[in-house]
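Peer 1: Please find start_22.pdb (PDB, C-alpha atoms) on the next line:
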```pdb
ATOM      1  CA  MET A 118      -6.074  68.710 -20.639
ATOM      2  CA  ARG A 119      -3.324  68.451 -18.039
ATOM      3  CA  LEU A 120      -5.814  67.103 -15.470
ATOM      4  CA  ASN A 121      -7.080  64.509 -17.921
ATOM      5  CA  LYS A 122      -3.540  63.311 -18.538
ATOM      6  CA  ARG A 123      -2.885  62.939 -14.824
ATOM      7  CA  ALA A 124      -6.169  61.148 -14.356
ATOM      8  CA  LEU A 125      -5.353  58.798 -17.175
ATOM      9  CA  LEU A 126      -1.907  58.104 -15.750
ATOM     10  CA  ARG A 127      -3.355  57.369 -12.330
ATOM     11  CA  ALA A 128      -5.999  55.111 -13.847
ATOM     12  CA  GLY A 129      -3.404  53.295 -15.910
ATOM     13  CA  ALA A 130      -1.183  52.791 -12.888
ATOM     14  CA  ALA A 131      -4.123  51.437 -10.904
ATOM     15  CA  VAL A 132      -5.041  48.995 -13.670
ATOM     16  CA  LEU A 133      -1.413  47.851 -13.945
ATOM     17  CA  ALA A 134      -1.125  47.352 -10.185
ATOM     18  CA  PHE A 135      -4.390  45.428 -10.081
ATOM     19  CA  SER A 136      -3.271  43.214 -12.961
ATOM     20  CA  MET A 137       0.026  42.484 -11.256
ATOM     21  CA  MET A 138      -1.731  41.619  -8.004
ATOM     22  CA  ALA A 139      -4.219  39.360  -9.785
ATOM     23  CA  GLY A 140      -1.438  37.664 -11.706
ATOM     24  CA  SER A 141       0.548  37.148  -8.521
ATOM     25  CA  ALA A 142      -2.490  35.681  -6.734
ATOM     26  CA  ALA A 143      -3.176  33.355  -9.665
ATOM     27  CA  ALA A 144       0.434  32.209  -9.635
ATOM     28  CA  GLU A 145       0.349  31.245  -5.961
ATOM     29  CA  ASN A 146      -0.559  27.565  -5.752
ATOM     30  CA  VAL A 147      -1.864  25.890  -2.639
ATOM     31  CA  LYS A 148       1.075  23.819  -1.420
ATOM     32  CA  LEU A 149       0.407  20.337  -0.027
ATOM     33  CA  LYS A 150       2.937  18.329   1.981
ATOM     34  CA  PHE A 151       3.246  14.651   0.977
ATOM     35  CA  ALA A 152       5.026  12.582   3.664
ATOM     36  CA  VAL A 153       6.654   9.211   2.982
ATOM     37  CA  PHE A 154       8.584   7.423   5.729
ATOM     38  CA  SER A 155      10.483   5.172   3.308
ATOM     39  CA  PRO A 156      13.771   6.266   1.644
ATOM     40  CA  ASP A 157      13.835   8.139  -1.639
ATOM     41  CA  THR A 158      15.641   5.169  -3.241
ATOM     42  CA  GLU A 159      12.731   2.786  -2.577
ATOM     43  CA  ILE A 160      11.037   1.335  -5.673
ATOM     44  CA  THR A 161       7.496   2.543  -4.902
ATOM     45  CA  VAL A 162       8.769   6.076  -4.331
ATOM     46  CA  ASN A 163      10.381   6.164  -7.766
ATOM     47  CA  THR A 164       7.824   4.262  -9.829
ATOM     48  CA  VAL A 165       4.603   5.527  -8.222
ATOM     49  CA  PHE A 166       4.885   8.468  -5.805
ATOM     50  CA  LYS A 167       7.285  10.695  -7.751
ATOM     51  CA  PRO A 168       5.354  10.216 -11.031
ATOM     52  CA  PHE A 169       2.156  11.128  -9.162
ATOM     53  CA  VAL A 170       3.707  14.323  -7.805
ATOM     54  CA  GLU A 171       5.136  15.274 -11.215
ATOM     55  CA  ALA A 172       1.881  14.575 -13.076
ATOM     56  CA  LEU A 173      -0.261  16.508 -10.617
ATOM     57  CA  ASN A 174       2.058  19.503 -10.462
ATOM     58  CA  ALA A 175       2.160  19.633 -14.273
ATOM     59  CA  GLU A 176      -1.599  20.180 -14.321
ATOM     60  CA  ASN A 177      -1.127  23.769 -13.026
ATOM     61  CA  ALA A 178      -4.512  23.479 -11.347
ATOM     62  CA  GLY A 179      -3.750  25.758  -8.420
ATOM     63  CA  VAL A 180      -2.200  23.086  -6.245
ATOM     64  CA  GLU A 181       1.426  22.013  -5.813
ATOM     65  CA  ILE A 182       2.668  18.879  -4.053
ATOM     66  CA  GLU A 183       5.828  19.181  -1.974
ATOM     67  CA  PHE A 184       7.363  15.723  -1.534
ATOM     68  CA  PHE A 185       9.004  14.728   1.771
ATOM     69  CA  PRO A 186      10.502  11.181   1.643
ATOM     70  CA  ASN A 187      12.986   9.677   4.122
ATOM     71  CA  GLY A 188      10.659  10.345   7.051
ATOM     72  CA  ALA A 189      11.406  14.086   6.834
ATOM     73  CA  LEU A 190       8.059  14.980   8.436
ATOM     74  CA  GLY A 191       7.969  11.979  10.775
ATOM     75  CA  ARG A 192       9.804   8.656  10.739
ATOM     76  CA  ASN A 193       7.422   6.490  12.777
ATOM     77  CA  PRO A 194       5.301   4.374  10.362
ATOM     78  CA  GLN A 195       2.653   3.985  13.067
ATOM     79  CA  GLN A 196       2.042   7.738  13.251
ATOM     80  CA  GLN A 197       1.494   8.545   9.565
ATOM     81  CA  ALA A 198      -2.328   8.518   9.605
ATOM     82  CA  GLN A 199      -2.396  10.746  12.688
ATOM     83  CA  MET A 200       0.078  13.116  11.024
ATOM     84  CA  VAL A 201      -2.466  13.623   8.248
ATOM     85  CA  LEU A 202      -5.300  14.244  10.702
ATOM     86  CA  ASP A 203      -3.149  16.686  12.721
ATOM     87  CA  GLY A 204      -2.033  18.628   9.641
ATOM     88  CA  VAL A 205       1.656  17.785   9.988
ATOM     89  CA  ALA A 206       1.274  16.362   6.474
ATOM     90  CA  ASP A 207      -1.554  16.824   3.986
ATOM     91  CA  LEU A 208      -0.935  13.437   2.370
ATOM     92  CA  ALA A 209       1.023  10.466   3.689
ATOM     93  CA  LEU A 210       1.919   6.867   2.949
ATOM     94  CA  VAL A 211       0.133   4.725   5.538
ATOM     95  CA  VAL A 212       0.416   1.002   6.267
ATOM     96  CA  PRO A 213      -3.013   0.397   7.853
ATOM     97  CA  SER A 214      -1.915  -2.724   9.718
ATOM     98  CA  TYR A 215       0.612  -0.588  11.631
ATOM     99  CA  THR A 216      -2.274   1.302  13.264
ATOM    100  CA  PRO A 217      -4.490  -1.439  14.793
ATOM    101  CA  GLY A 218      -8.037  -0.354  15.439
ATOM    102  CA  ARG A 219      -8.121   2.531  12.939
ATOM    103  CA  PHE A 220      -8.797   0.401   9.827
ATOM    104  CA  PRO A 221     -10.167  -2.863  11.289
ATOM    105  CA  GLU A 222     -12.083  -3.928   8.184
ATOM    106  CA  ASN A 223      -8.858  -4.274   6.196
ATOM    107  CA  GLN A 224      -8.290  -7.532   8.080
ATOM    108  CA  VAL A 225     -10.403  -9.400   5.537
ATOM    109  CA  PHE A 226      -7.539  -9.018   3.044
ATOM    110  CA  GLU A 227      -5.224 -11.028   5.309
ATOM    111  CA  LEU A 228      -7.242 -14.217   4.813
ATOM    112  CA  PRO A 229      -5.313 -16.930   2.940
ATOM    113  CA  ASN A 230      -5.646 -17.808  -0.735
ATOM    114  CA  LEU A 231      -8.294 -15.245  -1.654
ATOM    115  CA  PHE A 232      -6.211 -13.491  -4.299
ATOM    116  CA  GLN A 233      -4.266 -14.890  -7.221
ATOM    117  CA  ASP A 234      -1.751 -12.046  -7.353
ATOM    118  CA  MET A 235      -0.976  -8.423  -6.540
ATOM    119  CA  PRO A 236      -2.816  -6.823  -9.501
ATOM    120  CA  GLU A 237      -6.028  -8.628  -8.591
ATOM    121  CA  ALA A 238      -5.744  -7.727  -4.906
ATOM    122  CA  THR A 239      -4.946  -4.070  -5.675
ATOM    123  CA  ARG A 240      -7.925  -3.662  -8.019
ATOM    124  CA  VAL A 241     -10.298  -5.321  -5.552
ATOM    125  CA  PHE A 242      -9.047  -3.221  -2.639
ATOM    126  CA  THR A 243      -9.305   0.010  -4.657
ATOM    127  CA  ARG A 244     -12.880  -0.670  -5.733
ATOM    128  CA  LEU A 245     -14.129  -1.761  -2.322
ATOM    129  CA  VAL A 246     -12.796   1.311  -0.517
ATOM    130  CA  GLN A 247     -13.952   3.669  -3.266
ATOM    131  CA  SER A 248     -17.461   2.180  -3.140
ATOM    132  CA  GLY A 249     -17.610   2.540   0.653
ATOM    133  CA  LYS A 250     -17.912  -1.198   1.270
ATOM    134  CA  ILE A 251     -14.735  -1.100   3.384
ATOM    135  CA  LYS A 252     -15.178   1.360   6.248
ATOM    136  CA  GLY A 253     -12.619   3.336   8.232
ATOM    137  CA  TYR A 254     -11.610   5.976   5.683
ATOM    138  CA  GLU A 255     -14.288   8.571   6.413
ATOM    139  CA  ASP A 256     -11.837  11.224   7.689
ATOM    140  CA  PHE A 257      -9.583  10.807   4.658
ATOM    141  CA  VAL A 258      -9.613  11.051   0.896
ATOM    142  CA  PRO A 259      -7.858   7.875  -0.336
ATOM    143  CA  ILE A 260      -5.316   8.798  -3.005
ATOM    144  CA  ALA A 261      -3.731   5.367  -3.493
ATOM    145  CA  LEU A 262      -5.204   2.007  -2.473
ATOM    146  CA  VAL A 263      -2.754  -0.773  -3.318
ATOM    147  CA  THR A 264      -1.519  -4.043  -1.841
ATOM    148  CA  THR A 265       1.503  -6.267  -1.569
ATOM    149  CA  ALA A 266       1.745  -9.521  -3.456
ATOM    150  CA  PRO A 267       0.447 -12.541  -1.501
ATOM    151  CA  TYR A 268       2.766 -13.481   1.345
ATOM    152  CA  SER A 269       4.750 -16.730   1.103
ATOM    153  CA  ILE A 270       7.164 -18.745   3.273
ATOM    154  CA  HIS A 271      10.952 -18.234   3.395
ATOM    155  CA  THR A 272      13.200 -20.398   5.570
ATOM    156  CA  ASN A 273      16.805 -21.481   6.071
ATOM    157  CA  SER A 274      15.872 -25.178   5.799
ATOM    158  CA  PRO A 275      14.139 -27.281   3.103
ATOM    159  CA  ILE A 276      10.387 -26.780   2.672
ATOM    160  CA  SER A 277       8.377 -28.564  -0.002
ATOM    161  CA  SER A 278       4.912 -28.179   1.534
ATOM    162  CA  LEU A 279       3.181 -26.266   4.285
ATOM    163  CA  ASN A 280       3.256 -29.402   6.425
ATOM    164  CA  ASP A 281       7.039 -28.917   6.667
ATOM    165  CA  LEU A 282       6.328 -25.927   8.917
ATOM    166  CA  ASN A 283       5.455 -28.252  11.793
ATOM    167  CA  GLY A 284       7.584 -27.409  14.835
ATOM    168  CA  LYS A 285       9.206 -24.368  13.238
ATOM    169  CA  LYS A 286       9.255 -20.782  14.527
ATOM    170  CA  ILE A 287       8.076 -18.476  11.746
ATOM    171  CA  ARG A 288       7.800 -14.711  11.909
ATOM    172  CA  SER A 289       4.207 -13.654  11.231
ATOM    173  CA  THR A 290       2.844 -10.288  10.078
ATOM    174  CA  GLY A 291      -0.595 -10.460  11.675
ATOM    175  CA  ALA A 292      -3.155 -12.374  13.712
ATOM    176  CA  ILE A 293      -4.793 -14.187  10.804
ATOM    177  CA  GLU A 294      -1.476 -15.210   9.311
ATOM    178  CA  GLY A 295      -0.521 -16.462  12.760
ATOM    179  CA  GLU A 296      -3.628 -18.662  12.841
ATOM    180  CA  VAL A 297      -2.685 -20.150   9.463
ATOM    181  CA  LEU A 298       0.829 -20.932  10.681
ATOM    182  CA  LYS A 299      -0.490 -22.545  13.860
ATOM    183  CA  ALA A 300      -2.849 -24.676  11.782
ATOM    184  CA  PHE A 301       0.217 -26.233  10.150
ATOM    185  CA  GLY A 302       2.019 -26.778  13.458
ATOM    186  CA  ALA A 303       4.293 -23.723  13.359
ATOM    187  CA  ALA A 304       4.822 -21.220  16.172
ATOM    188  CA  PRO A 305       4.090 -17.692  14.879
ATOM    189  CA  ILE A 306       6.510 -15.042  16.141
ATOM    190  CA  GLY A 307       5.769 -11.321  15.928
ATOM    191  CA  MET A 308       8.611  -8.905  15.181
ATOM    192  CA  PRO A 309       9.322  -5.912  12.917
ATOM    193  CA  VAL A 310      10.601  -6.791   9.464
ATOM    194  CA  THR A 311      13.812  -4.880  10.228
ATOM    195  CA  GLU A 312      14.724  -7.504  12.851
ATOM    196  CA  VAL A 313      14.028 -10.552  10.687
ATOM    197  CA  PRO A 314      17.415 -10.970   8.931
ATOM    198  CA  GLU A 315      19.334 -11.010  12.229
ATOM    199  CA  ALA A 316      16.789 -13.335  13.877
ATOM    200  CA  VAL A 317      16.977 -15.829  11.009
ATOM    201  CA  GLY A 318      20.755 -15.535  10.819
ATOM    202  CA  ARG A 319      21.079 -16.325  14.535
ATOM    203  CA  LYS A 320      18.466 -19.106  14.230
ATOM    204  CA  THR A 321      16.233 -17.376  16.757
ATOM    205  CA  ILE A 322      13.520 -18.103  14.208
ATOM    206  CA  ASP A 323      13.473 -20.591  11.345
ATOM    207  CA  GLY A 324      11.983 -18.320   8.753
ATOM    208  CA  THR A 325       9.429 -15.678   7.926
ATOM    209  CA  THR A 326       6.489 -14.847   5.738
ATOM    210  CA  ALA A 327       7.171 -12.164   3.131
ATOM    211  CA  HIS A 328       6.328 -10.949  -0.359
ATOM    212  CA  PRO A 329       9.002 -10.615  -3.100
ATOM    213  CA  SER A 330       9.781  -6.920  -2.578
ATOM    214  CA  ALA A 331      10.290  -7.302   1.176
ATOM    215  CA  LEU A 332      12.392 -10.409   0.641
ATOM    216  CA  PHE A 333      15.027  -8.359  -1.189
ATOM    217  CA  ASP A 334      14.477  -4.828   0.106
ATOM    218  CA  TRP A 335      14.967  -5.848   3.744
ATOM    219  CA  GLY A 336      17.794  -8.338   3.160
ATOM    220  CA  ILE A 337      15.803 -11.457   4.086
ATOM    221  CA  VAL A 338      17.076 -13.176   0.956
ATOM    222  CA  ARG A 339      20.623 -13.087   2.381
ATOM    223  CA  VAL A 340      19.734 -15.386   5.291
ATOM    224  CA  THR A 341      17.166 -17.714   3.707
ATOM    225  CA  SER A 342      17.690 -20.512   1.217
ATOM    226  CA  ASP A 343      14.271 -22.083   0.640
ATOM    227  CA  HIS A 344      11.194 -20.286  -0.662
ATOM    228  CA  TYR A 345       7.697 -21.751  -0.799
ATOM    229  CA  PHE A 346       5.385 -19.522  -2.836
ATOM    230  CA  THR A 347       2.005 -20.392  -1.475
ATOM    231  CA  ARG A 348      -0.690 -17.685  -1.343
ATOM    232  CA  LEU A 349      -1.251 -16.391   2.167
ATOM    233  CA  GLY A 350      -2.943 -13.022   2.731
ATOM    234  CA  ILE A 351      -1.928  -9.626   1.369
ATOM    235  CA  VAL A 352      -1.233  -6.347   3.155
ATOM    236  CA  PRO A 353      -2.925  -3.105   2.010
ATOM    237  CA  LEU A 354      -0.846   0.057   1.542
ATOM    238  CA  VAL A 355      -2.506   3.457   1.165
ATOM    239  CA  VAL A 356      -1.793   7.114   0.524
ATOM    240  CA  LEU A 357      -4.321   9.208   2.425
ATOM    241  CA  MET A 358      -5.188  12.901   2.310
ATOM    242  CA  ASN A 359      -6.881  14.915   5.029
ATOM    243  CA  ARG A 360     -10.534  15.183   3.904
ATOM    244  CA  GLU A 361     -11.065  18.668   5.356
ATOM    245  CA  LYS A 362      -7.968  19.918   3.535
ATOM    246  CA  PHE A 363      -9.135  18.367   0.271
ATOM    247  CA  GLU A 364     -12.604  19.901   0.538
ATOM    248  CA  SER A 365     -11.081  23.336   1.222
ATOM    249  CA  LEU A 366      -9.302  23.334  -2.148
ATOM    250  CA  PRO A 367     -10.661  25.008  -5.296
ATOM    251  CA  GLN A 368     -12.717  22.760  -7.549
ATOM    252  CA  ALA A 369     -10.005  22.716 -10.226
ATOM    253  CA  ALA A 370      -7.461  21.458  -7.685
ATOM    254  CA  GLN A 371      -9.839  18.776  -6.414
ATOM    255  CA  ALA A 372     -10.491  17.621  -9.983
ATOM    256  CA  ALA A 373      -6.758  17.403 -10.701
ATOM    257  CA  ILE A 374      -6.132  15.325  -7.579
ATOM    258  CA  ASN A 375      -9.033  13.010  -8.419
ATOM    259  CA  LYS A 376      -7.626  12.563 -11.933
ATOM    260  CA  TYR A 377      -4.494  10.910 -10.563
ATOM    261  CA  ALA A 378      -5.943   9.261  -7.453
ATOM    262  CA  GLY A 379      -7.623   5.855  -7.304
ATOM    263  CA  ASP A 380      -7.415   3.939 -10.588
ATOM    264  CA  TRP A 381      -4.465   5.928 -12.007
ATOM    265  CA  MET A 382      -2.393   5.242  -8.909
ATOM    266  CA  ALA A 383      -3.483   1.589  -8.822
ATOM    267  CA  GLU A 384      -2.522   0.910 -12.431
ATOM    268  CA  THR A 385       0.761   2.825 -12.121
ATOM    269  CA  TYR A 386       1.597   0.735  -9.055
ATOM    270  CA  ILE A 387       0.586  -2.538 -10.741
ATOM    271  CA  LYS A 388       2.896  -1.808 -13.671
ATOM    272  CA  GLY A 389       5.891  -0.549 -11.696
ATOM    273  CA  ILE A 390       5.823  -2.985  -8.805
ATOM    274  CA  GLY A 391       4.679  -5.846 -11.020
ATOM    275  CA  GLU A 392       7.776  -5.440 -13.186
ATOM    276  CA  TYR A 393       9.964  -5.133 -10.101
ATOM    277  CA  ASN A 394       8.551  -8.286  -8.498
ATOM    278  CA  ALA A 395       8.984 -10.200 -11.761
ATOM    279  CA  SER A 396      12.642  -9.187 -11.941
ATOM    280  CA  LEU A 397      13.177 -10.293  -8.337
ATOM    281  CA  MET A 398      11.566 -13.677  -8.972
ATOM    282  CA  GLU A 399      13.777 -14.200 -12.022
ATOM    283  CA  LYS A 400      16.823 -13.330  -9.951
ATOM    284  CA  LEU A 401      15.783 -15.683  -7.152
ATOM    285  CA  GLU A 402      15.017 -18.622  -9.431
ATOM    286  CA  SER A 403      18.306 -18.273 -11.314
ATOM    287  CA  ASP A 404      20.401 -18.296  -8.128
ATOM    288  CA  PRO A 405      21.713 -21.825  -7.360
ATOM    289  CA  ALA A 406      21.973 -20.916  -3.668
ATOM    290  CA  HIS A 407      18.180 -20.699  -3.468
ATOM    291  CA  LYS A 408      15.470 -23.301  -3.955
ATOM    292  CA  VAL A 409      12.122 -21.965  -5.144
ATOM    293  CA  VAL A 410       9.016 -24.136  -4.873
ATOM    294  CA  LYS A 411       5.735 -23.125  -6.494
ATOM    295  CA  PRO A 412       2.981 -25.474  -5.339
ATOM    296  CA  SER A 413       0.831 -27.152  -7.959
ATOM    297  CA  GLN A 414      -2.927 -26.758  -8.053
ATOM    298  CA  ALA A 415      -3.172 -30.196  -6.439
ATOM    299  CA  ASP A 416      -0.934 -28.958  -3.608
ATOM    300  CA  MET A 417      -3.128 -25.895  -3.130
ATOM    301  CA  ASP A 418      -6.286 -27.995  -3.180
ATOM    302  CA  ALA A 419      -4.807 -30.263  -0.497
ATOM    303  CA  VAL A 420      -4.267 -27.393   1.969
ATOM    304  CA  GLN A 421      -7.441 -25.477   1.142
ATOM    305  CA  PRO A 422      -9.465 -27.248   3.882
ATOM    306  CA  VAL A 423      -6.975 -25.877   6.446
ATOM    307  CA  PHE A 424      -7.286 -22.399   4.954
ATOM    308  CA  ASP A 425     -11.078 -22.737   4.995
ATOM    309  CA  LYS A 426     -11.090 -23.454   8.731
ATOM    310  CA  VAL A 427      -9.236 -20.203   9.398
ATOM    311  CA  ILE A 428     -11.489 -18.279   7.016
ATOM    312  CA  ASP A 429     -14.693 -19.756   8.436
ATOM    313  CA  ALA A 430     -13.630 -19.059  12.032
ATOM    314  CA  TRP A 431     -12.918 -15.424  11.165
ATOM    315  CA  ALA A 432     -16.214 -15.009   9.325
ATOM    316  CA  ALA A 433     -18.170 -16.560  12.208
ATOM    317  CA  ALA A 434     -16.611 -14.251  14.807
ATOM    318  CA  ASP A 435     -18.753 -11.258  13.768
ATOM    319  CA  PRO A 436     -21.694 -10.767  11.362
ATOM    320  CA  ARG A 437     -19.816  -7.860   9.769
ATOM    321  CA  ASN A 438     -16.906 -10.182   8.971
ATOM    322  CA  LYS A 439     -19.211 -12.372   6.915
ATOM    323  CA  GLU A 440     -20.474  -9.328   5.003
ATOM    324  CA  LEU A 441     -16.933  -8.193   4.280
ATOM    325  CA  LEU A 442     -15.886 -11.616   3.035
ATOM    326  CA  GLU A 443     -18.899 -11.770   0.724
ATOM    327  CA  SER A 444     -18.077  -8.297  -0.652
ATOM    328  CA  VAL A 445     -14.471  -9.290  -1.310
ATOM    329  CA  ARG A 446     -15.465 -12.506  -3.068
ATOM    330  CA  GLU A 447     -18.034 -10.680  -5.210
ATOM    331  CA  GLU A 448     -15.473  -8.070  -6.238
ATOM    332  CA  ILE A 449     -12.858 -10.765  -6.996
ATOM    333  CA  ALA A 450     -15.372 -12.408  -9.337
ATOM    334  CA  ALA A 451     -16.078  -9.057 -11.013
ATOM    335  CA  VAL A 452     -12.367  -8.311 -11.507
ATOM    336  CA  ARG A 453     -11.695 -11.774 -12.921
ATOM    337  CA  ALA A 454     -14.646 -11.496 -15.293
ATOM    338  CA  LYS A 455     -13.335  -8.163 -16.588
ATOM    339  CA  ASN A 456      -9.738  -9.312 -16.966
TER     340      ASN A 456
END
```
Please go through the file and, once you have read it, give me the structure as structure tokens.

Peer 2:
Amino acid sequence: MRLNKRALLRAGAAVLAFSMMAGSAAAENVKLKFAVFSPDTEITVNTVFKPFVEALNAENAGVEIEFFPNGALGRNPQQQAQMVLDGVADLALVVPSYTPGRFPENQVFELPNLFQDMPEATRVFTRLVQSGKIKGYEDFVPIALVTTAPYSIHTNSPISSLNDLNGKKIRSTGAIEGEVLKAFGAAPIGMPVTEVPEAVGRKTIDGTTAHPSALFDWGIVRVTSDHYFTRLGIVPLVVLMNREKFESLPQAAQAAINKYAGDWMAETYIKGIGEYNASLMEKLESDPAHKVVKPSQADMDAVQPVFDKVIDAWAAADPRNKELLESVREEIAAVRAKN
């Protein structure tokens, strides 16, 4: 009887130890590092990225996101995609245009007057990358695929049409935008957005292209007085995850990530940034120190032939460009039909 008791005690202790080990293993989530080079006060961080992290972590699906804003894992915006590939971060905010050559097919989105607004551009971009019609993302799992609002013109002198750009030096964000500016007689100047306020203030340049968020977030509004809201191109913004890391995760973790990637991120961004942009426009239009011009449809129709020349030249430069443009236009039509 004594031996049976000892055997039972040993067996019970073994079962208890095994249960504790199993429970401990189950409680250990795979931790993923999410790098963002922008500050933790930035609007996209607070309306999109933090809600994503909180929602995913609440799933308790065996994966936990650790959030590193303020460039904590790397401050250089040009290095964010490589950080993901090298494993410095598992996910990161990437501005594709900052890494020329890695995402060349995104250039189609920089063409002028394709998109009516940011929600349309974001939905089109999301669907085209998800469907594989936009190449360059094969080594990544795209978590967020969003865009800026269409770029417009902001100067420190009166502007009532694009023809008023003739002879002016305007900061440009890319090659296609530069071609549009040159078509209206302006001299495109390349420089980081951080240098724009000082350059405009010193009259080194006459103005810049920008979207509403950048206009306020980078202080451009403090040195410009006139704002012409035409529709130039947009700039894609993405959150990318290392594909190998994603595929190494348990199925439950992959499913949880997929639940909040793609469409969820796009619609969260559209709501949060859409409301923010609307508040900025209201603030700008109510300020007597600023003149806001929104071109009429007749004004847009008058400059469309100039836009078309830039678009046609880009499409003719490579057969793949023509395919991309057709895909974008087809998806725009599909989005407009649905909405």

Peer 1: Which residues of range 163-211 of chain A sit at most 10 Å from range 150-153 of chain A, using all atoms listed in the file? Give each one's shortest atom pair and distance in Å (one decimal place), in chain and ascending residue order, as CSV.

Peer 2:
```
residue,atom,partner,partner_atom,distance
A:Phe166,CA,A:Val153,CA,9.0
A:Val170,CA,A:Phe151,CA,8.8
A:Glu181,CA,A:Lys150,CA,8.8
A:Ile182,CA,A:Lys150,CA,6.1
A:Glu183,CA,A:Lys150,CA,5.0
A:Phe184,CA,A:Phe151,CA,4.9
A:Phe185,CA,A:Ala152,CA,4.9
A:Pro186,CA,A:Val153,CA,4.5
A:Asn187,CA,A:Val153,CA,6.5
A:Gly188,CA,A:Val153,CA,5.8
A:Ala189,CA,A:Ala152,CA,7.3
A:Leu190,CA,A:Ala152,CA,6.1
A:Gly191,CA,A:Ala152,CA,7.7
A:Arg192,CA,A:Val153,CA,8.4
A:Pro194,CA,A:Val153,CA,8.9
A:Gln197,CA,A:Ala152,CA,8.0
A:Met200,CA,A:Ala152,CA,8.9
A:Val201,CA,A:Ala152,CA,8.8
A:Gly204,CA,A:Lys150,CA,9.1
A:Val205,CA,A:Lys150,CA,8.1
A:Ala206,CA,A:Lys150,CA,5.2
A:Asp207,CA,A:Lys150,CA,5.1
A:Leu208,CA,A:Phe151,CA,4.6
A:Ala209,CA,A:Ala152,CA,4.5
A:Leu210,CA,A:Val153,CA,5.3
A:Val211,CA,A:Val153,CA,8.3
```

Peer 1: Determine, for each residue of range 211-288 of chain A having at least one atom at most 10 Å from an atom of range 424-435 of chain A, the closest pair of atoms and their separation in Å to one decimal, counting all atoms listed in the file; order by chain and ascending number, as a tab-separated table.

Peer 2:
```
residue	atom	partner	partner_atom	distance
A:Gln224	CA	A:Trp431	CA	9.7
A:Val225	CA	A:Trp431	CA	8.6
A:Glu227	CA	A:Ile428	CA	9.7
A:Leu228	CA	A:Ile428	CA	6.3
A:Pro229	CA	A:Phe424	CA	6.2
A:Asn230	CA	A:Phe424	CA	7.5
A:Leu231	CA	A:Ile428	CA	9.7
```

Peer 1: Hey, can you check how far CA of Val338 in chain A sits from CA of His271 in chain A?

Peer 2: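 Those two atoms sit 8.3 Å apart.
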
Peer 1: Which residues of range 348-432 of chain A have any atom within 10 Å of an atom in range 275-295 of chain A when counting all atoms listed in the file, and what is the closest pair of atoms for each, with the distance in Å to one decimal? Order the rows by chain and rising number and write it as a Markdown table.

Peer 2:
```
| residue | atom | partner | partner_atom | distance |
| --- | --- | --- | --- | --- |
| A:Leu349 | CA | A:Glu294 | CA | 7.2 |
| A:Gly350 | CA | A:Glu294 | CA | 7.1 |
| A:Ile351 | CA | A:Glu294 | CA | 9.7 |
| A:Val352 | CA | A:Thr290 | CA | 8.9 |
| A:Lys408 | CA | A:Pro275 | CA | 8.2 |
| A:Val409 | CA | A:Ser277 | CA | 9.2 |
| A:Val410 | CA | A:Ser277 | CA | 6.6 |
| A:Lys411 | CA | A:Ser277 | CA | 8.9 |
| A:Pro412 | CA | A:Ser278 | CA | 7.6 |
| A:Asp416 | CA | A:Ser278 | CA | 7.8 |
| A:Met417 | CA | A:Ser278 | CA | 9.6 |
| A:Val420 | CA | A:Leu279 | CA | 7.9 |
| A:Val427 | CA | A:Ile293 | CA | 7.6 |
| A:Ile428 | CA | A:Ile293 | CA | 8.7 |
| A:Trp431 | CA | A:Ile293 | CA | 8.2 |
```

Peer 1: Run the PyMOL selection byres ((chain A and resi 146) around 6) mentally over the shown coordinates, then write out the matched residues as an NGL selection string, using the chain letters and numbers from the document.

Peer 2: :A and (145 or 147-148 or 179-181)

Peer 1: Fewer than 6 positions away in the same chain doesn't count, so skip those; otherwise give me all residues within 9 Å of Glu361 in chain A, counting all atoms listed in the file, as a VMD selection string.

Peer 2: chain A and resid 256 to 258

Peer 1: Take the PyMOL selection byres ((chain A and resi 243) around 10), run it mentally on this structure, and tell me the resulting residues as a PDB file with C-alpha atoms, in the coordinates of the input.

Peer 2:
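Output contents, as saved in expr.pdb:
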```
ATOM      1  CA  ALA A 238      -5.744  -7.727  -4.906  1.00  0.00           C
ATOM      2  CA  THR A 239      -4.946  -4.070  -5.675  1.00  0.00           C
ATOM      3  CA  ARG A 240      -7.925  -3.662  -8.019  1.00  0.00           C
ATOM      4  CA  VAL A 241     -10.298  -5.321  -5.552  1.00  0.00           C
ATOM      5  CA  PHE A 242      -9.047  -3.221  -2.639  1.00  0.00           C
ATOM      6  CA  ARG A 244     -12.880  -0.670  -5.733  1.00  0.00           C
ATOM      7  CA  LEU A 245     -14.129  -1.761  -2.322  1.00  0.00           C
ATOM      8  CA  VAL A 246     -12.796   1.311  -0.517  1.00  0.00           C
ATOM      9  CA  GLN A 247     -13.952   3.669  -3.266  1.00  0.00           C
ATOM     10  CA  SER A 248     -17.461   2.180  -3.140  1.00  0.00           C
ATOM     11  CA  ILE A 251     -14.735  -1.100   3.384  1.00  0.00           C
ATOM     12  CA  PRO A 259      -7.858   7.875  -0.336  1.00  0.00           C
ATOM     13  CA  ILE A 260      -5.316   8.798  -3.005  1.00  0.00           C
ATOM     14  CA  ALA A 261      -3.731   5.367  -3.493  1.00  0.00           C
ATOM     15  CA  LEU A 262      -5.204   2.007  -2.473  1.00  0.00           C
ATOM     16  CA  VAL A 263      -2.754  -0.773  -3.318  1.00  0.00           C
ATOM     17  CA  THR A 264      -1.519  -4.043  -1.841  1.00  0.00           C
ATOM     18  CA  PRO A 353      -2.925  -3.105   2.010  1.00  0.00           C
ATOM     19  CA  VAL A 355      -2.506   3.457   1.165  1.00  0.00           C
ATOM     20  CA  GLY A 379      -7.623   5.855  -7.304  1.00  0.00           C
ATOM     21  CA  ASP A 380      -7.415   3.939 -10.588  1.00  0.00           C
ATOM     22  CA  MET A 382      -2.393   5.242  -8.909  1.00  0.00           C
ATOM     23  CA  ALA A 383      -3.483   1.589  -8.822  1.00  0.00           C
TER      24      ALA A 383
END
```
